[in-house]
Structure formats: structure tokens, C-alpha cells
>>> print(open('model_25.txt').read())   # compact mmCIF, C-alpha atoms
# COMPACT_ATOMS: atom_id res chain seq x y z
CA MET A 928 20.05 9.73 15.33
CA ILE A 929 16.35 9.96 14.62
CA TYR A 930 16.61 11.07 10.99
CA LEU A 931 18.79 8.09 10.12
CA GLN A 932 16.38 5.73 11.91
CA LEU A 933 13.42 7.16 10.02
CA PHE A 934 15.32 6.95 6.76
CA LEU A 935 16.39 3.32 7.27
CA SER A 936 12.97 2.18 8.46
CA PHE A 937 11.17 3.64 5.49
CA LEU A 938 13.89 2.41 3.16
CA GLN A 939 13.00 -1.12 4.29
CA ILE A 940 9.31 -0.42 3.79
CA GLY A 941 10.01 0.82 0.26
CA LEU A 942 12.32 -2.07 -0.54
CA PHE A 943 10.23 -4.99 0.69
CA SER A 944 6.66 -4.02 -0.12
CA PHE A 945 5.67 -5.84 -3.29
CA GLY A 946 2.25 -5.82 -4.88
CA GLY A 947 0.90 -2.35 -4.17
CA GLY A 948 -2.21 -1.32 -2.31
CA TYR A 949 -2.28 -2.89 1.11
CA ALA A 950 1.00 -4.78 0.61
CA ALA A 951 2.97 -2.08 2.42
CA MET A 952 0.68 -2.21 5.45
CA PRO A 953 2.24 -5.22 7.26
CA LEU A 954 5.72 -3.76 6.72
CA ILE A 955 4.72 -0.34 8.02
CA GLN A 956 3.16 -1.99 11.06
CA SER A 957 6.28 -4.04 11.78
CA GLN A 958 8.61 -1.02 11.49
CA VAL A 959 6.53 1.79 12.91
CA VAL A 960 4.49 0.00 15.59
CA THR A 961 6.43 -3.13 16.54
CA ALA A 962 10.10 -2.24 16.04
CA HIS A 963 10.20 1.46 16.98
CA GLY A 964 6.95 2.23 18.76
CA TRP A 965 6.55 5.49 16.84
CA LEU A 966 2.79 4.93 16.61
CA SER A 967 0.41 3.01 18.84
CA MET A 968 -1.71 0.35 17.15
CA SER A 969 -4.75 2.61 17.21
CA GLU A 970 -2.81 5.57 15.77
CA PHE A 971 -1.61 3.18 13.06
CA THR A 972 -5.21 2.20 12.34
CA ASP A 973 -6.19 5.88 12.14
CA LEU A 974 -3.36 6.34 9.66
CA ILE A 975 -4.64 3.49 7.48
CA THR A 976 -8.13 4.98 7.68
CA ILE A 977 -6.85 8.43 6.69
CA SER A 978 -4.88 6.85 3.83
CA GLN A 979 -8.04 5.22 2.59
CA MET A 980 -9.86 8.52 2.47
CA THR A 981 -7.16 10.62 0.83
CA PRO A 982 -5.41 10.11 -2.48
CA GLY A 983 -1.86 8.84 -2.36
CA PRO A 984 -0.14 5.54 -1.56
CA ILE A 985 -0.25 4.20 2.02
CA ALA A 986 3.56 4.11 2.22
CA ILE A 987 4.01 7.78 1.26
CA ASN A 988 1.19 8.83 3.57
CA SER A 989 2.75 6.91 6.46
CA ALA A 990 6.20 8.34 5.79
CA THR A 991 4.79 11.86 5.95
CA PHE A 992 2.58 11.20 8.98
CA VAL A 993 5.18 9.37 11.06
CA GLY A 994 7.99 11.69 9.98
CA ILE A 995 6.11 14.80 11.11
CA LYS A 996 5.08 13.23 14.39
CA ILE A 997 8.60 12.09 15.27
CA ALA A 998 10.82 14.81 13.79
CA GLY A 999 8.72 17.51 12.15
CA LEU A 1000 8.75 18.44 8.48
CA PRO A 1001 12.44 17.48 7.93
CA GLY A 1002 11.57 14.06 9.38
CA ALA A 1003 8.69 13.72 6.94
CA LEU A 1004 10.98 14.61 4.06
CA VAL A 1005 13.69 12.16 5.13
CA ALA A 1006 11.17 9.33 5.62
CA THR A 1007 9.52 10.00 2.26
CA ILE A 1008 12.85 9.99 0.45
CA GLY A 1009 13.81 6.74 2.17
CA CYS A 1010 10.50 5.25 1.13
CA ILE A 1011 10.80 6.08 -2.58
CA LEU A 1012 14.55 5.61 -3.01
CA PRO A 1013 14.44 1.82 -3.63
CA SER A 1014 11.67 2.35 -6.21
CA CYS A 1015 13.64 5.07 -7.95
CA ILE A 1016 16.73 2.92 -8.32
CA LEU A 1017 15.14 -0.46 -9.04
CA VAL A 1018 12.35 0.70 -11.31
CA THR A 1019 14.65 2.90 -13.38
CA LEU A 1020 17.11 0.02 -13.66
CA ILE A 1021 14.43 -2.50 -14.70
CA ALA A 1022 12.81 -0.01 -17.08
CA GLY A 1023 16.22 0.64 -18.65
CA LEU A 1024 16.81 -3.09 -19.11
CA TYR A 1025 13.31 -3.55 -20.47
CA LEU A 1026 13.63 -0.78 -23.04
CA LYS A 1027 16.77 -2.57 -24.20
CA TYR A 1028 15.59 -6.21 -24.16
CA GLN A 1029 11.77 -5.93 -24.09
CA ASN A 1030 11.16 -8.90 -21.79
CA VAL A 1031 9.55 -8.89 -18.35
CA ASN A 1032 8.39 -12.51 -18.06
CA ALA A 1033 11.07 -13.82 -15.69
CA LEU A 1034 10.40 -10.99 -13.25
CA GLN A 1035 6.71 -11.72 -13.14
CA SER A 1036 7.10 -15.44 -12.67
CA VAL A 1037 9.26 -14.82 -9.58
CA LEU A 1038 6.49 -12.64 -8.21
CA ASN A 1039 3.95 -15.42 -8.61
CA SER A 1040 5.49 -17.02 -5.54
CA LEU A 1041 5.30 -13.79 -3.59
CA ARG A 1042 1.68 -12.90 -4.23
CA PRO A 1043 0.07 -15.55 -1.96
CA ALA A 1044 2.40 -14.49 0.88
CA VAL A 1045 1.38 -10.85 0.45
CA VAL A 1046 -2.28 -11.84 0.86
CA ALA A 1047 -1.38 -13.72 4.05
CA MET A 1048 0.60 -10.80 5.49
CA ILE A 1049 -2.22 -8.33 4.77
CA ALA A 1050 -4.61 -10.73 6.51
CA SER A 1051 -2.34 -10.85 9.53
CA ALA A 1052 -2.09 -7.04 9.72
CA GLY A 1053 -5.87 -6.79 9.31
CA ILE A 1054 -6.35 -9.14 12.25
CA SER A 1055 -4.23 -6.97 14.54
CA ILE A 1056 -6.26 -3.93 13.50
CA LEU A 1057 -9.51 -5.73 14.33
CA VAL A 1058 -8.20 -7.10 17.63
CA THR A 1059 -7.18 -3.56 18.63
CA ALA A 1060 -10.59 -2.22 17.63
CA PHE A 1061 -12.59 -4.90 19.41
CA TRP A 1062 -10.51 -5.22 22.59
CA GLY A 1063 -8.66 -1.91 22.77
CA SER A 1064 -5.27 -3.59 22.88
CA GLU A 1065 -3.30 -5.83 20.61
CA THR A 1066 -2.43 -8.45 23.17
CA HIS A 1067 -5.36 -8.86 25.57
CA ALA A 1068 -8.39 -10.40 23.95
CA VAL A 1069 -10.81 -11.08 26.80
CA LEU A 1070 -14.38 -11.95 25.86
CA ALA A 1071 -15.86 -9.89 28.71
CA GLU A 1072 -14.12 -6.73 27.50
CA THR A 1073 -15.29 -6.99 23.92
CA ASN A 1074 -16.59 -3.78 22.36
CA TRP A 1075 -19.77 -5.34 20.90
CA THR A 1076 -20.83 -2.10 19.20
CA LEU A 1077 -17.73 -2.26 17.03
CA VAL A 1078 -18.22 -5.98 16.34
CA ILE A 1079 -21.74 -5.26 15.08
CA ILE A 1080 -20.54 -2.27 13.04
CA PHE A 1081 -17.87 -4.53 11.53
CA ALA A 1082 -20.50 -7.10 10.54
CA VAL A 1083 -22.70 -4.39 8.99
CA CYS A 1084 -19.70 -3.06 7.03
CA ILE A 1085 -18.86 -6.52 5.69
CA LEU A 1086 -22.46 -6.85 4.53
CA LEU A 1087 -22.39 -3.44 2.83
CA LEU A 1088 -19.08 -4.21 1.11
CA ARG A 1089 -19.75 -7.77 0.00
CA LYS A 1090 -23.49 -7.84 -0.58
CA PHE A 1091 -24.15 -4.28 -1.73
CA LYS A 1092 -20.70 -3.54 -3.20
CA MET A 1093 -20.69 -0.16 -1.49
CA ASN A 1094 -17.72 2.17 -1.95
CA PRO A 1095 -15.17 1.53 0.85
CA ILE A 1096 -14.85 5.25 1.64
CA TRP A 1097 -18.58 5.53 2.32
CA VAL A 1098 -18.55 2.32 4.34
CA MET A 1099 -15.79 3.66 6.61
CA LEU A 1100 -17.53 7.01 7.06
CA LEU A 1101 -20.76 5.24 7.88
CA ALA A 1102 -18.94 3.06 10.42
CA GLY A 1103 -17.64 6.20 12.13
CA ILE A 1104 -21.06 7.87 12.17
CA MET A 1105 -22.76 4.71 13.50
CA ASN A 1106 -20.33 4.51 16.42
CA ALA A 1107 -20.72 8.21 17.27
CA ALA A 1108 -24.52 7.87 17.07
CA VAL A 1109 -24.54 4.87 19.40
CA SER A 1110 -22.41 6.66 21.97
CA LEU A 1111 -24.61 9.78 21.78
CA ILE A 1112 -27.76 7.72 22.31
CA ARG A 1113 -26.19 5.99 25.30
CA GLY A 1114 -25.15 9.40 26.61
CA MET B 695 7.71 14.04 -30.16
CA LYS B 696 7.48 17.62 -28.99
CA ASN B 697 10.49 19.37 -27.53
CA ARG B 698 11.79 18.16 -24.18
CA LYS B 699 10.71 21.10 -22.08
CA GLN B 700 7.14 20.81 -23.22
CA VAL B 701 7.13 17.07 -22.55
CA LEU B 702 8.49 17.59 -19.04
CA SER B 703 5.98 20.26 -18.10
CA LYS B 704 3.07 18.24 -19.49
CA LEU B 705 4.39 15.19 -17.65
CA PHE B 706 4.63 17.17 -14.40
CA ILE B 707 1.13 18.58 -14.64
CA SER B 708 -0.55 15.30 -15.64
CA THR B 709 1.11 13.23 -12.93
CA LEU B 710 0.46 15.90 -10.30
CA TYR B 711 -3.18 16.05 -11.28
CA LEU B 712 -3.60 12.26 -11.30
CA SER B 713 -1.89 11.91 -7.94
CA ALA B 714 -4.03 14.60 -6.32
CA PHE B 715 -7.38 13.34 -7.51
CA THR B 716 -7.08 9.57 -7.75
CA PHE B 717 -8.70 7.69 -4.91
CA GLY B 718 -8.50 3.95 -4.78
CA GLY B 719 -4.82 3.19 -4.91
CA GLY B 720 -2.10 2.26 -7.36
CA TYR B 721 -4.04 0.09 -9.77
CA VAL B 722 -6.45 2.90 -10.52
CA ILE B 723 -3.71 5.47 -11.07
CA VAL B 724 -1.84 3.14 -13.46
CA THR B 725 -4.99 2.78 -15.55
CA LEU B 726 -5.34 6.56 -15.67
CA LEU B 727 -1.67 6.99 -16.63
CA LYS B 728 -2.34 4.65 -19.56
CA LYS B 729 -5.42 6.62 -20.58
CA LYS B 730 -3.49 9.88 -20.49
CA PHE B 731 -0.22 8.91 -22.16
CA VAL B 732 -1.38 6.17 -24.54
CA ASP B 733 -4.92 7.11 -25.53
CA GLU B 734 -4.78 10.89 -25.21
CA TYR B 735 -1.23 12.01 -25.97
CA HIS B 736 -0.14 8.95 -28.01
CA TRP B 737 3.33 9.24 -26.52
CA ILE B 738 3.60 5.54 -25.60
CA GLU B 739 2.39 2.50 -27.52
CA GLU B 740 -0.27 0.29 -26.01
CA ASN B 741 1.87 -2.88 -25.83
CA GLU B 742 4.84 -1.11 -24.40
CA MET B 743 2.62 0.52 -21.78
CA LEU B 744 1.33 -2.89 -20.68
CA ASP B 745 4.90 -4.03 -20.07
CA LEU B 746 5.78 -0.80 -18.26
CA VAL B 747 2.75 -1.32 -16.01
CA ALA B 748 3.95 -4.87 -15.36
CA ILE B 749 7.31 -3.45 -14.26
CA ALA B 750 5.61 -0.92 -11.99
CA GLN B 751 3.62 -3.72 -10.38
CA SER B 752 6.52 -6.16 -10.06
CA ALA B 753 9.06 -3.80 -8.49
CA PRO B 754 8.88 -3.05 -4.77
CA GLY B 755 7.28 0.16 -3.54
CA ALA B 756 4.05 2.02 -4.18
CA ILE B 757 2.55 1.27 -7.60
CA ALA B 758 1.57 4.91 -8.18
CA VAL B 759 5.18 6.01 -7.64
CA ASN B 760 6.57 3.17 -9.75
CA GLY B 761 4.07 3.89 -12.53
CA ALA B 762 5.11 7.53 -12.60
CA ILE B 763 8.78 6.51 -12.74
CA VAL B 764 8.40 4.14 -15.71
CA VAL B 765 6.32 6.61 -17.69
CA GLY B 766 8.66 9.50 -16.88
CA TYR B 767 11.75 7.45 -17.71
CA LYS B 768 10.28 6.21 -20.99
CA LEU B 769 9.35 9.75 -22.07
CA ALA B 770 12.34 11.79 -20.96
CA GLY B 771 15.00 9.61 -19.33
CA LEU B 772 16.23 10.18 -15.79
CA LEU B 773 15.06 13.78 -15.71
CA GLY B 774 11.60 12.61 -16.75
CA ALA B 775 11.54 9.99 -13.99
CA LEU B 776 12.54 12.61 -11.42
CA THR B 777 9.90 15.05 -12.65
CA ALA B 778 7.19 12.40 -12.44
CA ILE B 779 8.22 11.26 -8.94
CA ILE B 780 8.18 14.77 -7.53
CA ALA B 781 4.80 15.49 -9.09
CA THR B 782 3.42 12.24 -7.69
CA ILE B 783 4.53 12.70 -4.09
CA ILE B 784 3.68 16.40 -3.67
CA PRO B 785 -0.12 15.88 -3.24
CA PRO B 786 -0.02 13.13 -0.57
CA PHE B 787 2.85 14.89 1.20
CA VAL B 788 0.94 18.16 1.45
CA ILE B 789 -2.42 16.58 2.33
CA ILE B 790 -1.03 14.32 5.08
CA SER B 791 1.15 17.14 6.49
CA LEU B 792 -1.97 19.28 6.91
CA ILE B 793 -3.94 16.41 8.44
CA SER B 794 -1.21 15.50 10.92
CA VAL B 795 -1.05 19.10 12.15
CA PHE B 796 -4.72 18.86 13.11
CA TYR B 797 -4.68 15.20 14.10
CA ALA B 798 -3.75 15.62 17.79
CA ALA B 799 -6.42 18.27 18.35
CA PHE B 800 -8.88 16.24 16.30
CA ARG B 801 -8.26 13.01 18.19
CA SER B 802 -8.98 14.56 21.61
CA ASN B 803 -12.40 15.80 20.50
CA VAL B 804 -14.95 13.38 21.99
CA ILE B 805 -17.22 13.05 18.97
CA ILE B 806 -14.37 12.78 16.48
CA SER B 807 -12.65 10.16 18.56
CA GLU B 808 -15.92 8.14 18.60
CA ILE B 809 -16.09 8.49 14.83
CA LEU B 810 -12.47 7.39 14.42
CA GLU B 811 -13.08 4.46 16.74
CA GLY B 812 -16.02 3.35 14.60
CA MET B 813 -13.92 3.80 11.49
CA GLN B 814 -11.39 1.33 12.89
CA ALA B 815 -14.05 -1.35 12.61
CA GLY B 816 -14.87 0.00 9.13
CA VAL B 817 -11.30 -0.13 7.86
CA GLY B 818 -10.97 -3.60 9.40
CA ALA B 819 -13.98 -4.64 7.33
CA VAL B 820 -12.52 -3.09 4.17
CA ILE B 821 -9.27 -5.00 4.70
CA ALA B 822 -11.16 -8.22 5.46
CA ALA B 823 -13.10 -7.85 2.19
CA VAL B 824 -9.90 -7.21 0.23
CA VAL B 825 -8.20 -10.22 1.82
CA TYR B 826 -11.23 -12.37 1.07
CA GLU B 827 -11.15 -11.41 -2.61
CA MET B 828 -7.38 -11.82 -2.96
CA GLY B 829 -7.39 -15.07 -0.99
CA ALA B 830 -10.24 -16.49 -3.07
CA GLY B 831 -8.17 -15.69 -6.17
CA VAL B 832 -5.26 -17.71 -4.79
CA VAL B 833 -7.49 -20.65 -3.82
CA GLN B 834 -9.26 -20.63 -7.20
CA SER B 835 -5.92 -20.79 -9.00
CA LYS B 836 -5.87 -24.39 -7.68
CA SER B 837 -2.11 -24.17 -7.44
CA ALA B 838 -1.08 -26.29 -4.47
CA VAL B 839 2.19 -24.39 -4.10
CA SER B 840 0.43 -21.01 -3.96
CA ILE B 841 -2.06 -22.21 -1.36
CA LEU B 842 0.78 -23.71 0.67
CA ILE B 843 2.76 -20.44 0.49
CA MET B 844 -0.31 -18.50 1.62
CA SER B 845 -1.03 -20.81 4.57
CA VAL B 846 2.56 -21.04 5.78
CA SER B 847 3.09 -17.27 5.48
CA PHE B 848 -0.09 -16.59 7.41
CA ILE B 849 0.92 -18.89 10.26
CA ALA B 850 4.42 -17.39 10.30
CA ALA B 851 3.16 -13.79 10.38
CA CYS B 852 0.11 -14.13 12.59
CA VAL B 853 0.98 -16.95 15.03
CA PHE B 854 4.77 -16.80 15.23
CA GLN B 855 5.12 -13.05 14.58
CA VAL B 856 7.93 -13.62 12.09
CA ASN B 857 9.26 -10.33 10.70
CA VAL B 858 7.52 -9.79 7.35
CA VAL B 859 10.83 -8.89 5.69
CA TYR B 860 12.00 -12.51 6.13
CA ILE B 861 8.76 -13.83 4.68
CA VAL B 862 9.19 -11.60 1.62
CA LEU B 863 12.83 -12.65 1.18
CA ALA B 864 12.00 -16.36 1.55
CA CYS B 865 9.29 -16.09 -1.11
CA ILE B 866 11.56 -14.25 -3.54
CA LEU B 867 14.21 -16.99 -3.17
CA LEU B 868 11.54 -19.63 -3.66
CA GLY B 869 10.28 -17.79 -6.72
CA ILE B 870 13.77 -17.61 -8.23
CA ALA B 871 14.27 -21.33 -7.61
CA ARG B 872 10.90 -22.18 -9.19
CA THR B 873 11.63 -20.00 -12.22
CA CYS B 874 15.04 -21.67 -12.71
CA ILE B 875 13.52 -25.16 -12.48
CA HIS B 876 10.79 -24.16 -14.91
CA ILE B 877 13.27 -22.80 -17.44
CA ARG B 878 15.43 -25.93 -17.19
CA LYS B 879 12.40 -28.20 -17.67
CA ARG B 880 11.35 -26.29 -20.74
CA GLY B 881 14.86 -26.61 -22.08
CA GLU B 882 14.76 -30.39 -21.78
CA THR B 883 11.50 -31.02 -23.60
>>> encode(input="model_25.txt", output="C-alpha cells")
Amino acid sequence: MIYLQLFLSFLQIGLFSFGGGYAAMPLIQSQVVTAHGWLSMSEFTDLITISQMTPGPIAINSATFVGIKIAGLPGALVATIGCILPSCILVTLIAGLYLKYQNVNALQSVLNSLRPAVVAMIASAGISILVTAFWGSETHAVLAETNWTLVIIFAVCILLLRKFKMNPIWVMLLAGIMNAAVSLIRG
Amino acid sequence: MKNRKQVLSKLFISTLYLSAFTFGGGYVIVTLLKKKFVDEYHWIEENEMLDLVAIAQSAPGAIAVNGAIVVGYKLAGLLGALTAIIATIIPPFVIISLISVFYAAFRSNVIISEILEGMQAGVGAVIAAVVYEMGAGVVQSKSAVSILIMSVSFIAACVFQVNVVYIVLACILLGIARTCIHIRKRGET
């Protein structure tokens, strides 16, 4: 039953992604790409790119995108509900407790142990995105088949982001334009 | 405070607006929620808002959604939370639905697919920069345990392809254990 699968997958994504921003990315990858094969690695990367350029959390965007692709609008709805359900329950519960006892320290100190792991998991997901971009597949990294144009574009982007503190949205757009320009010049 | 209906409709419109026009993820939207409900409407006190934000950031899930829930719940109970959630997810739901309708046609266009291919390197760079900043923060904390957690998690995820759910669970258990030890130590001295 595809709706149930979508619901349960996105429930896990909603339940185990701590820390916001990119923290949901490794979980989405493991559910949507690795476990179910609903998206290919390059579709997943497109999704992350689209999420970067539109408002809205990555998890909600993915739920909508994957849901529609796999089971149309009802699928998108089911996946989105699965994704926000853990938040709804847990956050309301914690907020209720807080408004009663006014203390959130214990919660935060538990999360101190989680934060370094989140960084590591984002790094790992980022590496699979780059491997897919540079070699066209997640598993075969052969030096001779490297897409050097993309490697150079990557290096330029890093420079723009770190050295010139350019807005990530512009950097990504520029990366796209550079690649299209190179392929037009080459014919 | 104003009557409930007015609060709910104002809550709906502000969260919808923030969700539709805030680029840059959860941390930005939480700041804007604070601006709106603390500084502009004076519905929530500054200190309380800081704690509510802490809850939104500590709980699992998207920070924008969590932020909307805490604010909605604080202002108008469960109905408020529900109102805020719906307002928050409508914009991304609509935008991504529209994009995914055009995505297949888009992707097969030669020029667009070249652009998207280039953007893969771009988004990789954005993630690399984010990881660098976050990782530097962990290293600068000079906490041996944090650095160890980061290294072990990275090896587990990247080299051994351990399911990230297990990594998250292991770290939560570790965190609970550390918190208990810390509390006990403080009790002794």
C-alpha cells in the first residue's frame, strides 16, 4: 500500500530529523533514495536545489515532491501529514509542559550530544551529492570519467561562498548558468 | 488580549505570509516570528519567546513548522497550533506541487538540464560551506566528546552506510546518559 509506505517513511523523517535546516537531508536521502528508490540520486539533488531556491522547509518540500511523483496529490498530502505529525504531537506536548514548568535546560543538554552527529550526517549526504555530480553515479568514482567542468564550478562556488560571502541562491544559479554556457560553447 | 477569532485570523495571516516569503530556512523564520509576535503585536514576552524558540529547535522536525506550533499553541491553545501549522505548510505545498508538475518537462529540456547539472555542483558547494562552518563550531568548542561524536558518526554514515536513524537514536541515548551523570555530579558537590 503506497500511501501507507509514504506516510511511514515521512513519519520517520519528521521524527528523527533534529536541528533544522539541512538536518533532514540525510534522513530524506536514506528513506527516499536508499530504502525505497522513489527518487534517483540526481533527482534528489534537484529536489535539494529546488528547496534552496523556494521558501519552505526541505522536509515539507520533499514530502510534496515525492508524494506527487509516486501517488499524485493525495500522496503529497499523506506524506506531508506524516512529516509534520511527530512535530505536532511532540512540540505541543513539550510546549504544554514548558508553559507549566518553565524549564527547557534538560532538553537542550541532551541535544548537545546530537548536534555534532547532525553535522557529520549532513557532511555524508553532501558527499554523495558531490560524487553523483562529479561522476554521474553514486557508486562508481573513476578518475577518467570525472566531469571536470563541474569540479571547477564547485571550486568557484566555494570561493564565492567563503571568500566573497555571496548569497547561496545566487551561487547556485550562477553554477547552473556556468555549466550551460560551457556546454553551449563546446557545442 | 483581543478576542479569540481575531487572534486566530491574525495568526493565520502572519504565519502564511512569513512562510511564503521567507528564504533561508528555519532559523530565519523563527527570528521573524519573534519580530512579529513579540516586537510588533506584544502578544508574547521576550524571555518566554526565547524559550519557545529553544523548544522549536530542540524538537524533531522542521524548525519553521515547530516555531509556528509553539507560537500558535501559546496564543490560542490547540486550535492556535493547528491554525499556524496549516498556514505554514500551504505555501511550500502549493509551490512544490506546481514545480513538480513542470519538473519532468523541464528536466528533458537540454539547456535546463545543463543548468540543473551545474546547480548540482553549486548545491554541493553550499552544503560543503555549511558543513565547514558547523564543523568548525564543533571543533572550536574544544569538547573532546563532541569531536569524537562527530568523527564516529561521520565514519558510520559515510564509510559503513549505517542508517542515520540509528545514529540519531544512539546520540540521544548518549545525551540522556551524559545529562544524568552531569545532574548527579552537581548534586554531590
>>> atom_distance(input="model_25.txt", atom1="CA of Thr1059 (chain A)", atom2="CA of Thr1073 (chain A)")
10.3 Å
>>> residues_around(input="model_25.txt", residues="region 1070-1072 of chain A", least_positions_apart="5", cutoff="9 Å", atoms="only C-alpha atoms", output="PyMOL selection string")
chain A and resi 1061-1063
>>> residues_around(input="model_25.txt", residues="region 737-751 of chain B", least_positions_apart="6", cutoff="7 Å", atoms="all atoms listed in the file", output="PyMOL selection string")
(chain A and resi 946-947+1018+1031) or (chain B and resi 724+728+731+757+760-761+764)
>>> closest_residue(input="model_25.txt", among="A:Gly1009, A:Gly1114, A:Gly964, A:Gly948", to="chain B", atoms="only C-alpha atoms")
A:Gly948
>>> closest_residue(input="model_25.txt", among="B:Ile784, B:Val817, B:Leu727, B:Ala770", to="chain A", atoms="only C-alpha atoms")
B:Val817
>>> closest_residue(input="model_25.txt", among="B:Asn857, B:Ala762, B:Ala823, B:Ile805", to="Arg1089 (chain A)", atoms="all atoms listed in the file")
B:Ala823
>>> closest_atom_pairs(input="model_25.txt", of="region 752-851 of chain B", to="region 1044-1057 of chain A", cutoff="7 Å", atoms="all atoms listed in the file", output="tab-separated table")
residue	atom	partner	partner_atom	distance
B:Ala815	CA	A:Leu1057	CA	6.5
B:Gly818	CA	A:Leu1057	CA	5.6
B:Ile821	CA	A:Gly1053	CA	6.0
B:Ala822	CA	A:Gly1053	CA	6.7
B:Val825	CA	A:Ala1050	CA	5.9
B:Met828	CA	A:Val1046	CA	6.4
B:Gly829	CA	A:Val1046	CA	6.3
B:Ile843	CA	A:Ala1044	CA	6.0
B:Met844	CA	A:Ala1044	CA	4.9
B:Ser847	CA	A:Ala1044	CA	5.4
B:Phe848	CA	A:Ala1047	CA	4.6
B:Ala851	CA	A:Met1048	CA	6.3
>>> residues_around(input="model_25.txt", residues="region 711-713 of chain B", least_positions_apart="5", cutoff="8 Å", atoms="all atoms listed in the file", output="PyMOL selection string")
(chain A and resi 982-983) or (chain B and resi 723+726-727+758+781-783+785-786)
>>> closest_residue(input="model_25.txt", among="B:Thr725, B:Ser703, B:Ser802, B:Thr873", to="chain A", atoms="only C-alpha atoms")
B:Thr873
>>> closest_residue(input="model_25.txt", among="A:Ile929, A:Ile997, A:Ile975, A:Met968", to="chain B", atoms="all atoms listed in the file")
A:Ile975
>>> closest_residue(input="model_25.txt", among="A:Leu1041, A:Met952, A:Ala962, A:Leu1087", to="chain B", atoms="only C-alpha atoms")
A:Leu1041
>>> residues_around(input="model_25.txt", residues="Tyr930 (chain A)", least_positions_apart="5", cutoff="9 Å", atoms="all atoms listed in the file", output="PDB file with C-alpha atoms, keeping the file's coordinate frame")
ATOM      1  CA  LEU A 935      16.390   3.320   7.270  1.00  0.00           C
ATOM      2  CA  GLY A 994       7.990  11.690   9.980  1.00  0.00           C
ATOM      3  CA  ALA A 998      10.820  14.810  13.790  1.00  0.00           C
ATOM      4  CA  PRO A1001      12.440  17.480   7.930  1.00  0.00           C
ATOM      5  CA  GLY A1002      11.570  14.060   9.380  1.00  0.00           C
ATOM      6  CA  VAL A1005      13.690  12.160   5.130  1.00  0.00           C
ATOM      7  CA  ALA A1006      11.170   9.330   5.620  1.00  0.00           C
TER       8      ALA A1006
END
>>> residues_near_point(input="model_25.txt", point="(-19.9, -9.8, 9.6)", cutoff="12 Å", atoms="all atoms listed in the file", output="PyMOL selection string")
(chain A and resi 1077-1090) or (chain B and resi 815-816+818-820+822-823)
>>> residues_around(input="model_25.txt", residues="Ile1011 (chain A)", least_positions_apart="6", cutoff="12 Å", atoms="all atoms listed in the file", output="PyMOL selection string")
(chain A and resi 934-944+984+986-988+990-991+1004-1005+1017-1019) or (chain B and resi 753-760+762-763+776+779-780+782-783)
>>> atom_distance(input="model_25.txt", atom1="CA of Asn1039 (chain A)", atom2="CA of Tyr860 (chain B)")
17.0 Å
>>> atom_distance(input="model_25.txt", atom1="CA of Leu933 (chain A)", atom2="CA of Val993 (chain A)")
8.6 Å
